[in-house]
Structures are given as C-alpha cells and as structure tokens.
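To keep things clear, I will list the structure first and then write my remarks on it.
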Amino acid sequence: MGAAGNMSSAGVPEVLVFGGTSEGREIAEWLGSRGSCTVHISSLTEYGGSLVSGLPRVRALTGRMLPEQMESLMREHAFSCVVDATHPYAVGVSSNIATCAASCGVPLYRVLREGEPEGPWIGLDTAEQAAAYVAKRPGKVLLTTGSKDLATYVAALPDYRERLYARILPVPSSIAAADGLGVPASHIVAMQGPFSQELNKALLREFGIGIMVTKASGAAGGFWEKVEAARECGVELVVIHRPVETEGCSLEQVKQTLMNVHGL
C-alpha cells in the first residue's frame with residue numbers, strides 16, 4: 001500500500017487518528033481545517049468523540065477497539081496513514097495499533113509528548129507502588145489518574161472511604177466503576193481535564209488533601225498546573241513515571257510529515 005496514494009471511494013484521502021487526547025483532537029482539527037482529507041478519529045469514550053464531532057471533515061469513532069476491529073477498519077478504508085496520538089500510558093493500545101498498521105501496510109506515525117521532567121516529587125513506576133506509598137503516609141489522597149487503577153488504591157487503603165478522593169472522567173463507566181468500588185459519591189470528582197492551576201488548588205483546599213497522585217502526562221495533560229497547585233498548597237506530589245518510548249515524533253513533526261510526505 002503506497003504512502004500517499006490511498007483514497008476513499010469519493011477520491012478524497014482518508015486518515016485514521018487514534019486518541020481522545022489533546023494531541024489527537026489538535027491533529028484532527030488541523031487536518032479538517034486544511035480540507036485536504038477526511039479524518040476518522042477513534043477515542044475510548046463518547047465524551048471524547050463529542051469534542052470532535054462538530055469539526056469539518058472529521059468523523060468520530062467511539063468505544064474500545066479490539067485489534068481485529070482495528071485491522072478491519074484499516075483494510076476497509078485504505079487510509080493514507082494512521083496517527084497514533086493515544087495517551088503515553090496506553091502502551092497496549094499503541095502496540096495493537098502498530099501491529100495492525102504493519103499488517104495492513106499503512107504508514108504509522110506516533111505522536112510523542114515532551115520528555116518526562118524531573119522535580120521535587122516522589123517518582124514511582126507503577127500504580128501498585130504509588131498505592132503502597134500513600135497507604136503508609138497520613139492525610140487525604142487525591143487520585144488524578146482516572147478510574148482504571150482505582151481498585152489498586154482501594155485495596156491498599158483500609159480507610160479509603162475516608163481518605164481517598166478520585167478525579168475521573170464524567171462518563172457513566174468511570175462513575176459506575178468508582179461507585180462499584182465503594183468510593184463515596186462525595187469523594188468522586190467527575191470532570192474533564194486538563195485543569196487550571198486555580199481549579200487544582202481549589203480542589204486540594206476544599207477536600208483538605210495531603211497527597212496528590214498523578215501521572216507524568218506533560219503540558220498537554222495539565223501536569224505543571226498540578227505541580228504548581230501542590231506546591232502552593234503544601235501538598236505532597238506522587239508522580240507515576242511514564243513508560244519509556246523510543247520511537248515517535250513531536251506533534252509538529254507529525255504535521256510536517258503529513259504535509260510533506262502525504263500532501264495533506
């Protein structure tokens with residue numbers, strides 16, 4: 001399958017973007033505004049799809065996609081290329097995307113965020129390590145890593161009903177997961193980020209938080225706003241390290257490639 005010659009049945013190039021991230025939305029909006037192709041953007045939640053549904057030449061695909069579904073989609077549309085703009089921690093998803101793109105012979109471009117910073121915080125490798133750490137520390141905990149690993153913290157903190165607060169996506173599945181684990185409704189903050197420094201500070205102060213847990217999600221994920229909010233409020237910050245990625249390009253480099261190589 002050629003790098004630049006694939007077209008939809010209407011003669012318009014098609015591009016597949018994976019990621020409900022800010023980078024994924026930016027790529028979709030940028031391509032749509034150029035009018036050079038039709039963009040299909042896949043995100044996990046309906047909420048993520050709603051953020052791009054009104055963009056010109058952009059078609060939102062929502063829901064978890066299995067590898068066989070990815071491959072079927074790629075073969076059906078003969079995309080000019082695939083852009084993986086999924087979250088830095090979605091390692092399994094990125095692996096599936098790469099495997100399917102290679103099987104279909106479709107050029108793949110991985111968007112990398114800036115390198116992980118170092119700073120005055122506690123850096124740990126996994127959610128299990130973070131949960132074990134906060135379990136030994138006093139104070140209320142604000143978990144800003146979503147609902148996926150919430151069960152790990154619930155299991156580690158015997159007094160989680162009093163100590164643990166969870167900031168999660170405002171979607172039914174995430175709220176149901178937190179509720180099913182017994183997290184009190186008053187301890188669930190269902191909001192879409194990234195968040196401003198002031199809003200982070202307000203939440204830390206409102207709940208009397210002593211420890212905030214986050215991922216090293218970079219500027220696109222509102223990381224530095226959390227860092228500054230924690231510093232100003234005297235809150236201990238625990239950061240889960242980002243998986244190491246060796247292949248990929250910056251957002252701007254991917255845009256340049258889409259223009260120069262694919263004529264988009």
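Lettering and numbering for the structure tokens are positional, with chains as A, B, ... in the shown order, residues counted from 1 in each chain, and ligands counted from 1 in the shown order.
For range 239-241 of chain A, the list of residues within 7 Å, based on only C-alpha atoms and with local chain neighbours fewer than 5 positions off taken out, reads A:Trp121, A:Ile122, A:Gly123, A:Leu124, A:Asp125, A:Thr126, A:Ala127, A:Val213, A:Thr214, A:Lys215, A:Ala216.
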> So which residues touch range 35-49 of chain A within 9 Å, counting only C-alpha atoms, skipping near sequence neighbours fewer than 4 positions away, as JSON, numbers by chain?
Replying inline: {"A": [7, 8, 12, 13, 14, 15, 16, 17, 18, 19, 20, 21, 24, 25, 28, 29, 31, 53, 56, 57, 58, 59, 60, 61, 62, 63, 64, 65, 86, 169, 170, 171, 192, 263, 264]}
Selected residues written out, N, CA and C atoms, as a tab-separated table (two decimals), in the first residue's frame:
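Final file, result.tsv:
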chain	number	residue	atom	x	y	z
A	7	MET	N	-6.91	6.57	-1.41
A	7	MET	CA	-8.06	7.47	-1.47
A	7	MET	C	-9.32	6.75	-1.01
A	8	SER	N	-10.28	7.52	-0.54
A	8	SER	CA	-11.60	6.97	-0.28
A	8	SER	C	-12.29	6.75	-1.61
A	12	VAL	N	-11.20	11.22	-2.08
A	12	VAL	CA	-10.61	12.09	-1.05
A	12	VAL	C	-9.76	11.23	-0.11
A	13	PRO	N	-8.51	11.61	0.14
A	13	PRO	CA	-7.67	10.83	1.07
A	13	PRO	C	-8.33	10.73	2.45
A	14	GLU	N	-8.08	9.61	3.12
A	14	GLU	CA	-8.60	9.42	4.47
A	14	GLU	C	-7.46	9.13	5.42
A	15	VAL	N	-7.57	9.68	6.63
A	15	VAL	CA	-6.54	9.49	7.66
A	15	VAL	C	-7.23	8.98	8.92
A	16	LEU	N	-6.60	8.01	9.57
A	16	LEU	CA	-7.13	7.46	10.81
A	16	LEU	C	-6.27	7.95	11.97
A	17	VAL	N	-6.91	8.58	12.94
A	17	VAL	CA	-6.22	9.09	14.13
A	17	VAL	C	-6.75	8.35	15.35
A	18	PHE	N	-5.85	7.82	16.16
A	18	PHE	CA	-6.23	7.20	17.43
A	18	PHE	C	-5.88	8.15	18.56
A	19	GLY	N	-6.85	8.44	19.42
A	19	GLY	CA	-6.55	9.22	20.61
A	19	GLY	C	-7.57	10.26	20.95
A	20	GLY	N	-8.16	10.14	22.13
A	20	GLY	CA	-9.03	11.18	22.65
A	20	GLY	C	-8.24	12.22	23.43
A	21	THR	N	-6.94	12.27	23.18
A	21	THR	CA	-6.04	13.21	23.85
A	21	THR	C	-6.13	14.58	23.20
A	24	GLY	N	-4.54	14.33	19.81
A	24	GLY	CA	-5.41	13.73	18.81
A	24	GLY	C	-6.43	14.72	18.29
A	25	ARG	N	-7.02	15.49	19.20
A	25	ARG	CA	-8.00	16.49	18.78
A	25	ARG	C	-7.35	17.58	17.94
A	28	ALA	N	-6.72	16.25	14.42
A	28	ALA	CA	-7.99	16.14	13.69
A	28	ALA	C	-8.49	17.52	13.27
A	29	GLU	N	-8.44	18.47	14.18
A	29	GLU	CA	-8.91	19.83	13.85
A	29	GLU	C	-8.03	20.46	12.79
A	31	LEU	N	-6.12	18.92	10.44
A	31	LEU	CA	-6.35	18.28	9.15
A	31	LEU	C	-7.71	18.68	8.57
A	53	SER	N	-16.86	15.97	17.21
A	53	SER	CA	-17.95	15.64	16.30
A	53	SER	C	-18.40	16.81	15.44
A	56	PRO	N	-15.14	20.11	10.91
A	56	PRO	CA	-15.33	19.81	9.48
A	56	PRO	C	-14.46	18.65	9.03
A	57	ARG	N	-15.05	17.79	8.20
A	57	ARG	CA	-14.34	16.64	7.61
A	57	ARG	C	-13.81	15.67	8.65
A	58	VAL	N	-14.39	15.66	9.85
A	58	VAL	CA	-13.94	14.77	10.92
A	58	VAL	C	-15.07	13.84	11.32
A	59	ARG	N	-14.79	12.55	11.36
A	59	ARG	CA	-15.77	11.55	11.76
A	59	ARG	C	-15.30	10.90	13.06
A	60	ALA	N	-16.13	10.95	14.09
A	60	ALA	CA	-15.77	10.41	15.40
A	60	ALA	C	-16.14	8.93	15.50
A	61	LEU	N	-15.20	8.13	15.98
A	61	LEU	CA	-15.43	6.72	16.28
A	61	LEU	C	-15.22	6.55	17.78
A	62	THR	N	-16.17	5.96	18.48
A	62	THR	CA	-16.05	5.85	19.93
A	62	THR	C	-16.16	4.40	20.38
A	63	GLY	N	-15.56	4.12	21.51
A	63	GLY	CA	-15.59	2.79	22.08
A	63	GLY	C	-14.25	2.08	21.97
A	64	ARG	N	-14.03	1.13	22.86
A	64	ARG	CA	-12.79	0.34	22.83
A	64	ARG	C	-12.75	-0.49	21.56
A	65	MET	N	-11.61	-0.45	20.88
A	65	MET	CA	-11.48	-1.17	19.61
A	65	MET	C	-10.48	-2.32	19.77
A	86	THR	N	-2.48	8.38	21.03
A	86	THR	CA	-3.05	7.90	22.28
A	86	THR	C	-2.20	8.35	23.45
A	169	LEU	N	-13.13	10.82	34.71
A	169	LEU	CA	-13.87	11.37	33.58
A	169	LEU	C	-15.38	11.37	33.86
A	170	PRO	N	-16.09	12.36	33.34
A	170	PRO	CA	-17.53	12.44	33.58
A	170	PRO	C	-18.32	11.55	32.62
A	171	VAL	N	-18.01	10.26	32.64
A	171	VAL	CA	-18.71	9.30	31.79
A	171	VAL	C	-19.29	8.20	32.67
A	192	GLN	N	-13.85	16.74	33.18
A	192	GLN	CA	-12.93	16.57	32.06
A	192	GLN	C	-11.79	17.57	32.18
A	263	GLY	N	1.06	15.03	1.37
A	263	GLY	CA	0.37	16.12	0.67
A	263	GLY	C	-0.94	16.51	1.29
A	264	LEU	N	-1.06	16.36	2.59
A	264	LEU	CA	-2.34	16.65	3.27
A	264	LEU	C	-2.36	18.08	3.81
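For range 86-214 of chain A, a DSSP pass over the backbone yields strand (DSSP E) at Leu108, Tyr109, Arg110, Ile122, Gly123, Leu124, Lys140, Val141, Leu142, Leu143, Leu164, Tyr165, Ala166, Arg167, Ile168, Ile188, Val189, Ala190, Ile209, Gly210, Ile211, Met212, Val213 and Thr214 of chain A.
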Output for the residues just chosen: N, CA, C and O atoms as a compact mmCIF listing (two decimals), in the first residue's frame:
# COMPACT_ATOMS: atom_id res chain seq x y z
N LEU A 108 2.52 4.54 9.67
CA LEU A 108 2.08 4.88 11.02
C LEU A 108 3.01 5.94 11.61
O LEU A 108 4.23 5.84 11.50
N TYR A 109 2.41 6.94 12.26
CA TYR A 109 3.17 7.99 12.92
C TYR A 109 2.72 8.08 14.37
O TYR A 109 1.53 8.26 14.65
N ARG A 110 3.68 7.94 15.28
CA ARG A 110 3.39 8.00 16.71
C ARG A 110 3.73 9.39 17.24
O ARG A 110 4.85 9.88 17.04
N ILE A 122 7.76 12.71 44.53
CA ILE A 122 8.07 11.29 44.69
C ILE A 122 7.75 10.59 43.38
O ILE A 122 6.59 10.56 42.96
N GLY A 123 8.75 10.06 42.72
CA GLY A 123 8.55 9.38 41.44
C GLY A 123 8.54 7.87 41.62
O GLY A 123 9.47 7.30 42.19
N LEU A 124 7.48 7.23 41.15
CA LEU A 124 7.34 5.78 41.26
C LEU A 124 6.96 5.20 39.91
O LEU A 124 6.49 5.91 39.02
N LYS A 140 -5.36 12.90 53.53
CA LYS A 140 -6.27 12.55 52.45
C LYS A 140 -5.54 12.55 51.12
O LYS A 140 -4.61 13.32 50.91
N VAL A 141 -6.01 11.69 50.22
CA VAL A 141 -5.33 11.47 48.94
C VAL A 141 -6.26 11.85 47.79
O VAL A 141 -7.41 11.39 47.73
N LEU A 142 -5.76 12.68 46.88
CA LEU A 142 -6.49 12.98 45.65
C LEU A 142 -5.84 12.21 44.51
O LEU A 142 -4.69 12.46 44.16
N LEU A 143 -6.59 11.28 43.94
CA LEU A 143 -6.10 10.46 42.84
C LEU A 143 -6.56 11.09 41.53
O LEU A 143 -7.76 11.21 41.29
N LEU A 164 -9.64 8.62 50.54
CA LEU A 164 -9.40 8.64 49.10
C LEU A 164 -10.45 9.46 48.34
O LEU A 164 -11.66 9.28 48.51
N TYR A 165 -9.96 10.38 47.50
CA TYR A 165 -10.80 11.16 46.60
C TYR A 165 -10.34 10.86 45.18
O TYR A 165 -9.13 10.81 44.90
N ALA A 166 -11.28 10.67 44.27
CA ALA A 166 -10.93 10.27 42.90
C ALA A 166 -11.46 11.29 41.90
O ALA A 166 -12.65 11.58 41.87
N ARG A 167 -10.55 11.82 41.08
CA ARG A 167 -10.97 12.69 39.98
C ARG A 167 -10.97 11.86 38.70
O ARG A 167 -9.92 11.36 38.28
N ILE A 168 -12.15 11.71 38.11
CA ILE A 168 -12.32 10.79 36.98
C ILE A 168 -13.07 11.49 35.85
O ILE A 168 -13.60 12.59 36.02
N ILE A 188 -16.07 11.66 44.83
CA ILE A 188 -15.86 11.50 43.39
C ILE A 188 -16.00 12.85 42.70
O ILE A 188 -17.01 13.53 42.84
N VAL A 189 -14.95 13.24 41.96
CA VAL A 189 -14.98 14.47 41.18
C VAL A 189 -14.97 14.06 39.71
O VAL A 189 -13.94 13.65 39.19
N ALA A 190 -16.12 14.15 39.07
CA ALA A 190 -16.25 13.72 37.66
C ALA A 190 -16.15 14.94 36.77
O ALA A 190 -17.13 15.67 36.57
N ILE A 209 -6.69 18.01 51.09
CA ILE A 209 -5.80 16.96 50.57
C ILE A 209 -4.38 17.12 51.09
O ILE A 209 -3.84 18.22 51.16
N GLY A 210 -3.76 15.98 51.44
CA GLY A 210 -2.37 15.97 51.87
C GLY A 210 -1.43 15.40 50.82
O GLY A 210 -0.25 15.74 50.78
N ILE A 211 -1.96 14.52 49.96
CA ILE A 211 -1.16 13.87 48.92
C ILE A 211 -1.95 13.86 47.62
O ILE A 211 -3.13 13.47 47.62
N MET A 212 -1.33 14.26 46.53
CA MET A 212 -1.96 14.15 45.21
C MET A 212 -1.15 13.18 44.36
O MET A 212 0.09 13.28 44.30
N VAL A 213 -1.84 12.26 43.70
CA VAL A 213 -1.20 11.28 42.83
C VAL A 213 -1.54 11.62 41.38
O VAL A 213 -2.72 11.82 41.05
N THR A 214 -0.52 11.66 40.54
CA THR A 214 -0.74 11.98 39.13
C THR A 214 0.21 11.17 38.27
O THR A 214 1.07 10.44 38.77
>> Would you pick out the contacts of Ser147 in chain A at 7 Å or less, using only C-alpha atoms, so that residues sharing its chain but fewer than 3 positions from it are not included, and give the list as a PyMOL selection string?
In response: chain A and resi 150+168+174+177-178
With C-alpha atoms kept, could you save the residues just selected as a PDB file, in the first residue's frame?
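The result, stored in again.pdb:
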ATOM      1  CA  LEU A 150      -8.761   2.970  41.266  1.00  0.00           C
ATOM      2  CA  ILE A 168     -12.324  10.792  36.982  1.00  0.00           C
ATOM      3  CA  SER A 174     -15.965   5.687  35.140  1.00  0.00           C
ATOM      4  CA  ALA A 177     -16.528   1.879  38.453  1.00  0.00           C
ATOM      5  CA  ALA A 178     -15.874   4.258  41.356  1.00  0.00           C
TER       6      ALA A 178
END
>> Considering only C-alpha atoms, can you say which of A:Leu199, A:Ala156, A:Val244, A:Val52 comes closest to Tyr89 in chain A?
In response: A:Val244
> Which distance in Å separates CA of Pro172 in chain A and CA of Ala230 in chain A, to one decimal?
Replying inline: 28.6 Å
